[in-house]
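Worksheet: the structure to be examined is printed underneath.
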Amino acid sequence: MSQSFRKVHAVTGMKDTLPDSSAQWEHLEDIVRKWLAAYGYRNMRTPVLEHTRLFARGIGEVTDIVEKEMYSFTDALNGEHLTMRPEFTAGMVRATIEHNLLYDRPQRVYALGPVFRHEKPQRGRYRQFHQIDVEALGMAGPDIDAEMIIMLSRLWKLLGLNDIRLELNSLGQADERKAHREALVQHLERHIDVLDEEARRRMHSNPLRVLDTKNPAMQDMANSAPRLFDFLGEQSLAHFEGVRKRLDDAGIAYQLNPRLVRGLDYYNLTVFEWVTDRLGAQGTVCGGGRYDGLIELLGGKPAPAVGFAIGMERLLDLWDQTAPFQAPPECQIYMVHQSDDAQREAAKLAEALRDDGFKVIVHPGSASFKSQFKRADASGAQVAVILGEDELKNRQVSVKWLRQTDDTQAQQEVIPMDRLVEELKQKV
Ligand code: ATP
Ligand code: MG
């Protein structure tokens with residue numbers, strides 16, 4: 001007795017990437033890998049699953065991510081508390097400590113891959129999304145902060161993006177933030193009547209984050225709040241100045257945004273975001289900054305670090321608006337054949353063509369010429385190579401040009417089988 005099966009759909013907020021758009025992902029990934037290599041960054045891969053306490057500690061207990069966005073569960077088989085990474089940095093730092101990666105020198109590393117956050121799905125906001133994550137570990141100076149921003153501006157140029165602007169801030173050091181925080185809490189207490197519920201809940205646990213509010217009723221209060229910037233000491237100011245000078249050297253424009261705090265606890269000194277108006281409400285394409293305390297916080301020997309993450313879905317959305325993507329053809333050469341023997345010969349020829357680097361599809365199974373040509377055309381191939389009975393008998397093939405160019409005036413020609421590879425090497 002067969003029972004009908006209730007169709008399964010993808011999990012809410014998690015998307016399939018079908019072949020045509022996957023080609024665009026791969027194209028972007030190729031560009032990104034070359035771009036990163038040009039600055040000496042090397043790939044590093046860490047697991048999707050980590051122990052939950054890594055993120056609770058690394059990102060901070062009272063952040064959006066840890067409070068309400070993590071896919072955390074207890075492993076039914078052994079009782080471990082695990083979380084699907086909501087970002088890369090904590091895992092990258094864990095691996096750096098675990099393998100003593102900073103033992104003899106600093107490291108430039110990057111990772112590409114999926115991250116998971118249980119958010120309300122909408123344009124630019126998914127529950128599985130992808131990041132390009134880049135970390136410079138063991139490097140303290142403003143030169144590296146600036147280099148990261150300069151390299152990002154190179155990526156936008158490589159992709160032809162210009163509607164993307166840089167926002168910059170400095171969060172200073174822990175003691176400076178502490179002094180500011182006390183002043184800020186006092187400010188919030190004075191304006192308690194305009195604070196919404198979330199702000200009241202956070203005003204003591206994470207008062208800086210309260211200023212990041214989008215609530216219109218709280219804007220005046222946020223604008224008049226004491227600025228962290230006014231609490232920065234000489235060294236923090238010098239670091240920031242060092243970054244700004246280098247951005248000026250490179251001709252990179254930026255906007256100082258004293259309210260830019262980023263949603264993760266580990267940042268200090270330089271923080272930045274790249275934002276665009278072309279993506280609706282989710283306009284932040286890239287966010288990053290310095291996190292000099294994180295390695296020590298997670299049990300490593302103290303070492304400075306700076307990094308950023310790009311949201312790949314948002315980047316692809318923006319890129320596609322600027323330079324609409326054309327999926328490449330499935331193959332260059334499509335082999336059409338008329339009998340079992342012809343199919344076998346076609347398969348052999350296809351292998352010979354692949355030896356020379358051609359992309360070749362041999363029509364699967366048997367079908368009329370007409371329907372094989374339809375498939376050949378749909379594949380986007382430049383040429384169809386035809387093996388009919390006559391051709392096979394005479395050890396010949398017909399070559400039919402499917403897309404007219406200047407070189408291929410003659411629509412179709414018959415050539416000896418053993419000259420096929422040479423012929424196509426000259427023309428395809
Ligand atoms: P947002 O303010 O948009 O929630 P965030 O501060 O939480 O962003 P980060 O943790 O800095 O984001 O992550 C880096 C980048 O990852 C973001 O700038 C964005 O491009 C992308 N990103 C973040 N959350 C999502 C999501 N749910 N879906 C798709 N992309 C995302
Ligand atoms: Mg977020």
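By order in the structure tokens, chains are A, B, ...; within a chain, residues start at 1; ligands start at 1, following the order shown.
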Query raised in the report: Got a sec: who's within 12 Å of A:Arg165, counting only C-alpha atoms, leaving out chain neighbours fewer than 2 positions off, as a count of residues only?
Result: 27
Check which residues fall inside 10 Å of ligand 1 when counting only C-alpha atoms and all ligand atoms, and print them as a compact mmCIF listing (two decimals) with N, CA, C and O atoms, in the first residue's frame.
# COMPACT_ATOMS: atom_id res chain seq x y z
N GLY A 13 13.35 30.94 5.36
CA GLY A 13 14.50 31.83 5.44
C GLY A 13 15.79 31.23 4.90
O GLY A 13 16.84 31.84 4.99
N MET A 14 15.69 30.01 4.35
CA MET A 14 16.89 29.36 3.79
C MET A 14 16.64 29.10 2.31
O MET A 14 15.63 28.51 1.95
N ILE A 59 30.72 36.81 21.36
CA ILE A 59 29.89 37.88 20.79
C ILE A 59 29.32 38.75 21.89
O ILE A 59 29.15 39.96 21.70
N THR A 63 23.70 40.71 23.25
CA THR A 63 23.66 41.21 21.88
C THR A 63 22.44 40.59 21.21
O THR A 63 21.94 39.56 21.67
N ASP A 64 21.97 41.23 20.13
CA ASP A 64 20.83 40.66 19.38
C ASP A 64 21.10 39.21 19.02
O ASP A 64 20.24 38.34 19.17
N ILE A 65 22.31 38.98 18.53
CA ILE A 65 22.62 37.64 18.02
C ILE A 65 22.46 36.60 19.11
O ILE A 65 21.74 35.61 18.95
N GLU A 69 18.93 35.28 18.19
CA GLU A 69 19.06 34.89 16.79
C GLU A 69 19.79 33.56 16.56
O GLU A 69 19.91 33.11 15.44
N PRO A 86 26.69 31.90 13.97
CA PRO A 86 25.96 33.08 13.49
C PRO A 86 26.91 34.11 12.89
O PRO A 86 26.45 35.13 12.37
N GLU A 87 28.19 33.84 12.94
CA GLU A 87 29.22 34.70 12.35
C GLU A 87 30.52 33.89 12.40
O GLU A 87 30.58 32.84 13.03
N PHE A 88 31.56 34.39 11.74
CA PHE A 88 32.79 33.61 11.65
C PHE A 88 33.81 33.91 12.74
O PHE A 88 34.60 33.05 13.12
N THR A 89 33.85 35.17 13.18
CA THR A 89 35.03 35.61 13.94
C THR A 89 35.32 34.74 15.17
O THR A 89 36.47 34.33 15.38
N PRO A 114 28.39 29.66 4.79
CA PRO A 114 27.08 29.98 5.38
C PRO A 114 27.18 30.30 6.87
O PRO A 114 28.00 29.72 7.58
N VAL A 115 26.35 31.22 7.29
CA VAL A 115 26.15 31.51 8.71
C VAL A 115 24.64 31.53 8.97
O VAL A 115 23.86 31.67 8.04
N PHE A 116 24.24 31.40 10.22
CA PHE A 116 22.84 31.14 10.54
C PHE A 116 22.33 32.06 11.63
O PHE A 116 22.94 32.15 12.70
N ARG A 117 21.24 32.77 11.34
CA ARG A 117 20.62 33.60 12.37
C ARG A 117 19.11 33.50 12.24
O ARG A 117 18.56 33.66 11.15
N HIS A 118 18.46 33.25 13.38
CA HIS A 118 17.00 33.10 13.35
C HIS A 118 16.34 34.48 13.38
O HIS A 118 15.96 34.97 14.42
N GLU A 119 16.26 35.11 12.20
CA GLU A 119 15.68 36.44 12.09
C GLU A 119 14.40 36.36 11.27
O GLU A 119 14.10 35.33 10.68
N LYS A 120 13.67 37.47 11.19
CA LYS A 120 12.47 37.51 10.36
C LYS A 120 12.91 37.65 8.91
O LYS A 120 13.51 38.65 8.54
N PRO A 121 12.62 36.64 8.07
CA PRO A 121 13.12 36.68 6.70
C PRO A 121 12.50 37.83 5.90
O PRO A 121 11.32 38.11 6.02
N GLN A 122 13.30 38.52 5.13
CA GLN A 122 12.87 39.60 4.23
C GLN A 122 14.03 39.84 3.27
O GLN A 122 15.08 39.21 3.41
N ARG A 123 13.84 40.76 2.34
CA ARG A 123 14.92 41.05 1.40
C ARG A 123 16.20 41.40 2.17
O ARG A 123 16.19 42.24 3.06
N GLY A 124 17.29 40.73 1.84
CA GLY A 124 18.55 41.03 2.49
C GLY A 124 18.68 40.48 3.90
O GLY A 124 19.64 40.76 4.61
N ARG A 125 17.70 39.70 4.33
CA ARG A 125 17.76 39.13 5.68
C ARG A 125 17.24 37.70 5.63
O ARG A 125 16.06 37.47 5.42
N TYR A 126 18.14 36.77 5.77
CA TYR A 126 17.78 35.36 5.67
C TYR A 126 18.24 34.62 6.91
O TYR A 126 18.98 35.17 7.73
N ARG A 127 17.79 33.39 7.06
CA ARG A 127 18.18 32.62 8.25
C ARG A 127 19.44 31.81 7.98
O ARG A 127 20.19 31.52 8.90
N GLN A 128 19.61 31.42 6.73
CA GLN A 128 20.96 30.99 6.33
C GLN A 128 21.43 32.01 5.30
O GLN A 128 20.76 32.22 4.29
N PHE A 129 22.53 32.67 5.59
CA PHE A 129 23.10 33.57 4.60
C PHE A 129 24.60 33.31 4.55
O PHE A 129 25.09 32.40 5.22
N HIS A 130 25.29 34.06 3.71
CA HIS A 130 26.70 33.74 3.49
C HIS A 130 27.57 34.96 3.70
O HIS A 130 27.18 36.07 3.36
N GLN A 131 28.72 34.73 4.26
CA GLN A 131 29.64 35.84 4.49
C GLN A 131 31.00 35.58 3.87
O GLN A 131 31.45 34.43 3.77
N ILE A 132 31.62 36.68 3.46
CA ILE A 132 33.06 36.68 3.18
C ILE A 132 33.67 37.28 4.44
O ILE A 132 33.41 38.44 4.76
N ASP A 133 34.40 36.48 5.18
CA ASP A 133 34.92 36.94 6.46
C ASP A 133 36.43 37.05 6.39
O ASP A 133 37.11 36.12 5.96
N ASP A 212 21.57 52.98 19.03
CA ASP A 212 21.46 52.45 17.67
C ASP A 212 19.99 52.29 17.26
O ASP A 212 19.69 51.72 16.23
N VAL A 261 27.99 51.61 16.34
CA VAL A 261 28.56 50.82 17.44
C VAL A 261 28.73 49.35 17.08
O VAL A 261 29.44 48.63 17.74
N ARG A 262 28.05 48.88 16.02
CA ARG A 262 28.10 47.47 15.63
C ARG A 262 27.41 46.60 16.69
O ARG A 262 27.38 46.92 17.85
N GLY A 263 26.86 45.48 16.22
CA GLY A 263 26.00 44.71 17.10
C GLY A 263 26.71 43.63 17.90
O GLY A 263 26.08 42.78 18.49
N LEU A 264 28.03 43.67 17.91
CA LEU A 264 28.75 42.62 18.64
C LEU A 264 29.63 43.29 19.67
O LEU A 264 30.11 44.40 19.47
N PHE A 272 33.75 50.16 11.30
CA PHE A 272 33.28 50.74 10.03
C PHE A 272 32.17 49.90 9.41
O PHE A 272 32.02 48.72 9.73
N GLU A 273 31.38 50.56 8.58
CA GLU A 273 30.37 49.85 7.79
C GLU A 273 30.34 50.45 6.39
O GLU A 273 30.57 51.65 6.24
N TRP A 274 30.09 49.61 5.42
CA TRP A 274 29.85 50.07 4.05
C TRP A 274 28.36 49.93 3.77
O TRP A 274 27.81 48.84 3.92
N VAL A 275 27.74 51.03 3.37
CA VAL A 275 26.28 51.08 3.29
C VAL A 275 25.86 51.57 1.90
O VAL A 275 26.54 52.40 1.30
N ALA A 281 15.74 48.45 3.11
CA ALA A 281 16.03 48.63 4.54
C ALA A 281 17.33 47.96 4.97
O ALA A 281 17.95 48.37 5.95
N GLN A 282 17.75 46.92 4.25
CA GLN A 282 18.97 46.19 4.64
C GLN A 282 20.14 46.68 3.81
O GLN A 282 20.61 46.00 2.90
N GLY A 283 20.63 47.87 4.13
CA GLY A 283 21.61 48.53 3.26
C GLY A 283 23.07 48.31 3.65
O GLY A 283 23.97 48.75 2.95
N THR A 284 23.32 47.61 4.76
CA THR A 284 24.72 47.40 5.16
C THR A 284 25.28 46.17 4.46
O THR A 284 24.81 45.06 4.67
N VAL A 285 26.27 46.41 3.62
CA VAL A 285 26.85 45.32 2.84
C VAL A 285 28.02 44.70 3.59
O VAL A 285 28.27 43.50 3.49
N CYS A 286 28.71 45.51 4.37
CA CYS A 286 29.92 45.03 5.03
C CYS A 286 30.10 45.76 6.36
O CYS A 286 29.86 46.96 6.44
N GLY A 287 30.50 45.01 7.38
CA GLY A 287 30.77 45.64 8.67
C GLY A 287 32.03 45.05 9.28
O GLY A 287 32.32 43.87 9.08
N GLY A 288 32.78 45.89 9.98
CA GLY A 288 33.98 45.34 10.60
C GLY A 288 34.59 46.27 11.61
O GLY A 288 34.04 47.33 11.91
N GLY A 289 35.73 45.86 12.11
CA GLY A 289 36.42 46.70 13.07
C GLY A 289 37.48 45.92 13.83
O GLY A 289 37.72 44.73 13.57
N PHE A 308 36.57 42.03 9.12
CA PHE A 308 35.26 42.47 8.63
C PHE A 308 34.53 41.30 8.01
O PHE A 308 35.14 40.25 7.72
N ALA A 309 33.21 41.47 7.83
CA ALA A 309 32.42 40.46 7.14
C ALA A 309 31.53 41.15 6.12
O ALA A 309 30.92 42.18 6.40
N ILE A 310 31.47 40.56 4.93
CA ILE A 310 30.59 41.05 3.86
C ILE A 310 29.42 40.08 3.76
O ILE A 310 29.62 38.87 3.76
N GLY A 311 28.20 40.61 3.69
CA GLY A 311 27.02 39.77 3.44
C GLY A 311 26.93 39.49 1.95
O GLY A 311 26.73 40.40 1.15
N MET A 312 27.10 38.22 1.57
CA MET A 312 27.20 37.91 0.13
C MET A 312 25.88 38.10 -0.61
O MET A 312 25.86 38.53 -1.76
N GLU A 313 24.74 37.77 0.03
CA GLU A 313 23.45 37.96 -0.65
C GLU A 313 23.24 39.42 -0.98
O GLU A 313 22.79 39.78 -2.07
N ARG A 314 23.56 40.28 -0.02
CA ARG A 314 23.37 41.73 -0.26
C ARG A 314 24.33 42.22 -1.33
O ARG A 314 23.97 43.01 -2.19
N LEU A 315 25.56 41.73 -1.27
CA LEU A 315 26.55 42.14 -2.27
C LEU A 315 26.10 41.71 -3.68
O LEU A 315 26.19 42.48 -4.63
Requested in this report: Find the distance between atom CA of A:Leu188 and atom CA of A:Met203 and write it in Å to one decimal.
Outcome: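 So the two atoms, atom CA of A:Leu188 and atom CA of A:Met203, lie 6.9 Å apart.
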Report task. Considering only C-alpha atoms, return as number ranges by chain whatever protein or nucleic-acid residues lie within 12 Å of A:Asp196, sequence-local ones (same chain, fewer than 2 positions apart) excluded. Result -> A: 188, 191-194, 198-203, 210-211, 213-219, 221
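Between A:Leu232 and the candidates A:Glu197, A:Asp175, A:Asp220, A:Glu135, the tightest atom-to-atom separation, counting only C-alpha atoms, involves A:Asp175.
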Report task. Give me the residues within 7 Å of stretch 320-330 of chain A as a VMD selection string, counting only C-alpha atoms and dropping any in the same chain fewer than 4 places off. Result -> chain A and resid 20 23 to 24 161 316 379 to 381
Those of stretch 63-281 of chain A in DSSP alpha helix (DSSP H), formatted as an mmCIF file with C-alpha atoms, in the first residue's frame:
data_model
loop_
_atom_site.group_PDB
_atom_site.id
_atom_site.type_symbol
_atom_site.label_atom_id
_atom_site.label_comp_id
_atom_site.auth_asym_id
_atom_site.auth_seq_id
_atom_site.Cartn_x
_atom_site.Cartn_y
_atom_site.Cartn_z
ATOM 1 C CA ASP A 64 20.829 40.663 19.385
ATOM 2 C CA THR A 89 35.026 35.608 13.943
ATOM 3 C CA ALA A 90 34.509 33.665 17.179
ATOM 4 C CA GLY A 91 35.244 30.345 15.445
ATOM 5 C CA MET A 92 38.234 31.743 13.568
ATOM 6 C CA VAL A 93 39.663 33.033 16.840
ATOM 7 C CA ARG A 94 38.961 29.731 18.603
ATOM 8 C CA ALA A 95 40.846 27.871 15.867
ATOM 9 C CA THR A 96 43.698 30.387 16.012
ATOM 10 C CA ILE A 97 44.095 29.769 19.743
ATOM 11 C CA GLU A 98 43.578 26.012 19.513
ATOM 12 C CA PRO A 142 46.144 51.700 12.171
ATOM 13 C CA ASP A 143 47.932 50.735 8.937
ATOM 14 C CA ILE A 144 46.073 47.420 8.934
ATOM 15 C CA ASP A 145 42.667 48.960 9.682
ATOM 16 C CA ALA A 146 43.227 51.342 6.789
ATOM 17 C CA GLU A 147 44.525 48.607 4.498
ATOM 18 C CA MET A 148 41.356 46.601 5.085
ATOM 19 C CA ILE A 149 39.167 49.538 4.168
ATOM 20 C CA ILE A 150 41.309 50.328 1.135
ATOM 21 C CA MET A 151 41.125 46.727 -0.009
ATOM 22 C CA LEU A 152 37.329 46.807 0.317
ATOM 23 C CA SER A 153 37.195 49.866 -1.841
ATOM 24 C CA ARG A 154 39.233 47.924 -4.401
ATOM 25 C CA LEU A 155 36.648 45.131 -4.337
ATOM 26 C CA TRP A 156 33.817 47.578 -5.013
ATOM 27 C CA LYS A 157 35.851 48.905 -7.939
ATOM 28 C CA LEU A 158 36.495 45.385 -9.256
ATOM 29 C CA LEU A 159 32.754 44.773 -9.178
ATOM 30 C CA ALA A 174 37.534 49.639 27.521
ATOM 31 C CA ASP A 175 38.299 52.266 30.178
ATOM 32 C CA GLU A 176 37.214 55.065 27.862
ATOM 33 C CA ARG A 177 34.003 53.249 27.079
ATOM 34 C CA LYS A 178 33.432 52.729 30.794
ATOM 35 C CA ALA A 179 33.658 56.451 31.565
ATOM 36 C CA HIS A 180 31.402 57.225 28.613
ATOM 37 C CA ARG A 181 28.999 54.508 29.629
ATOM 38 C CA GLU A 182 28.510 56.024 33.059
ATOM 39 C CA ALA A 183 27.717 59.382 31.488
ATOM 40 C CA LEU A 184 25.424 57.699 28.996
ATOM 41 C CA VAL A 185 23.450 55.765 31.608
ATOM 42 C CA GLN A 186 22.903 59.043 33.435
ATOM 43 C CA HIS A 187 21.659 60.584 30.191
ATOM 44 C CA LEU A 188 19.296 57.647 29.607
ATOM 45 C CA GLU A 189 17.994 57.889 33.158
ATOM 46 C CA ARG A 190 17.274 61.586 32.629
ATOM 47 C CA GLU A 197 10.616 48.898 26.404
ATOM 48 C CA GLU A 198 13.689 47.433 24.729
ATOM 49 C CA ALA A 199 15.744 50.526 25.540
ATOM 50 C CA ARG A 200 14.732 50.389 29.187
ATOM 51 C CA ARG A 201 15.666 46.739 29.338
ATOM 52 C CA ARG A 202 19.055 47.485 27.785
ATOM 53 C CA PRO A 207 23.455 51.337 26.869
ATOM 54 C CA LEU A 208 25.547 51.995 23.737
ATOM 55 C CA ARG A 209 23.268 49.756 21.757
ATOM 56 C CA VAL A 210 20.270 51.848 22.879
ATOM 57 C CA GLN A 219 16.075 60.150 17.983
ATOM 58 C CA ASP A 220 16.338 63.469 19.881
ATOM 59 C CA MET A 221 17.440 61.634 22.988
ATOM 60 C CA ALA A 222 20.003 59.664 20.954
ATOM 61 C CA ASN A 223 21.325 62.751 19.177
ATOM 62 C CA GLU A 234 45.397 60.496 23.326
ATOM 63 C CA GLN A 235 46.355 57.013 22.132
ATOM 64 C CA SER A 236 42.920 56.143 20.813
ATOM 65 C CA LEU A 237 42.718 59.464 19.008
ATOM 66 C CA ALA A 238 46.170 58.917 17.502
ATOM 67 C CA HIS A 239 45.148 55.477 16.247
ATOM 68 C CA PHE A 240 42.029 56.911 14.664
ATOM 69 C CA GLU A 241 44.024 59.743 13.142
ATOM 70 C CA GLY A 242 46.418 57.139 11.693
ATOM 71 C CA VAL A 243 43.532 55.382 9.987
ATOM 72 C CA ARG A 244 42.018 58.603 8.667
ATOM 73 C CA LYS A 245 45.316 59.861 7.237
ATOM 74 C CA ARG A 246 45.782 56.661 5.294
ATOM 75 C CA LEU A 247 42.241 56.783 3.943
ATOM 76 C CA ASP A 248 42.960 60.334 2.819
ATOM 77 C CA ASP A 249 46.196 59.117 1.172
#
Requested in this report: Write out as JSON, numbers by chain each polymer residue whose atoms come within 9 Å of A:Leu353, counting only C-alpha atoms; drop sequence neighbours fewer than 2 positions from it.
Outcome: {"A": [333, 348, 349, 350, 351, 355, 356, 357, 358, 359, 360, 420, 421, 424, 425]}
Query raised in the report: Among stretch 342-391 of chain A, which ones does DSSP place in strand (DSSP E), written as a VMD selection string?
Result: chain A and resid 360 to 362 383 to 387
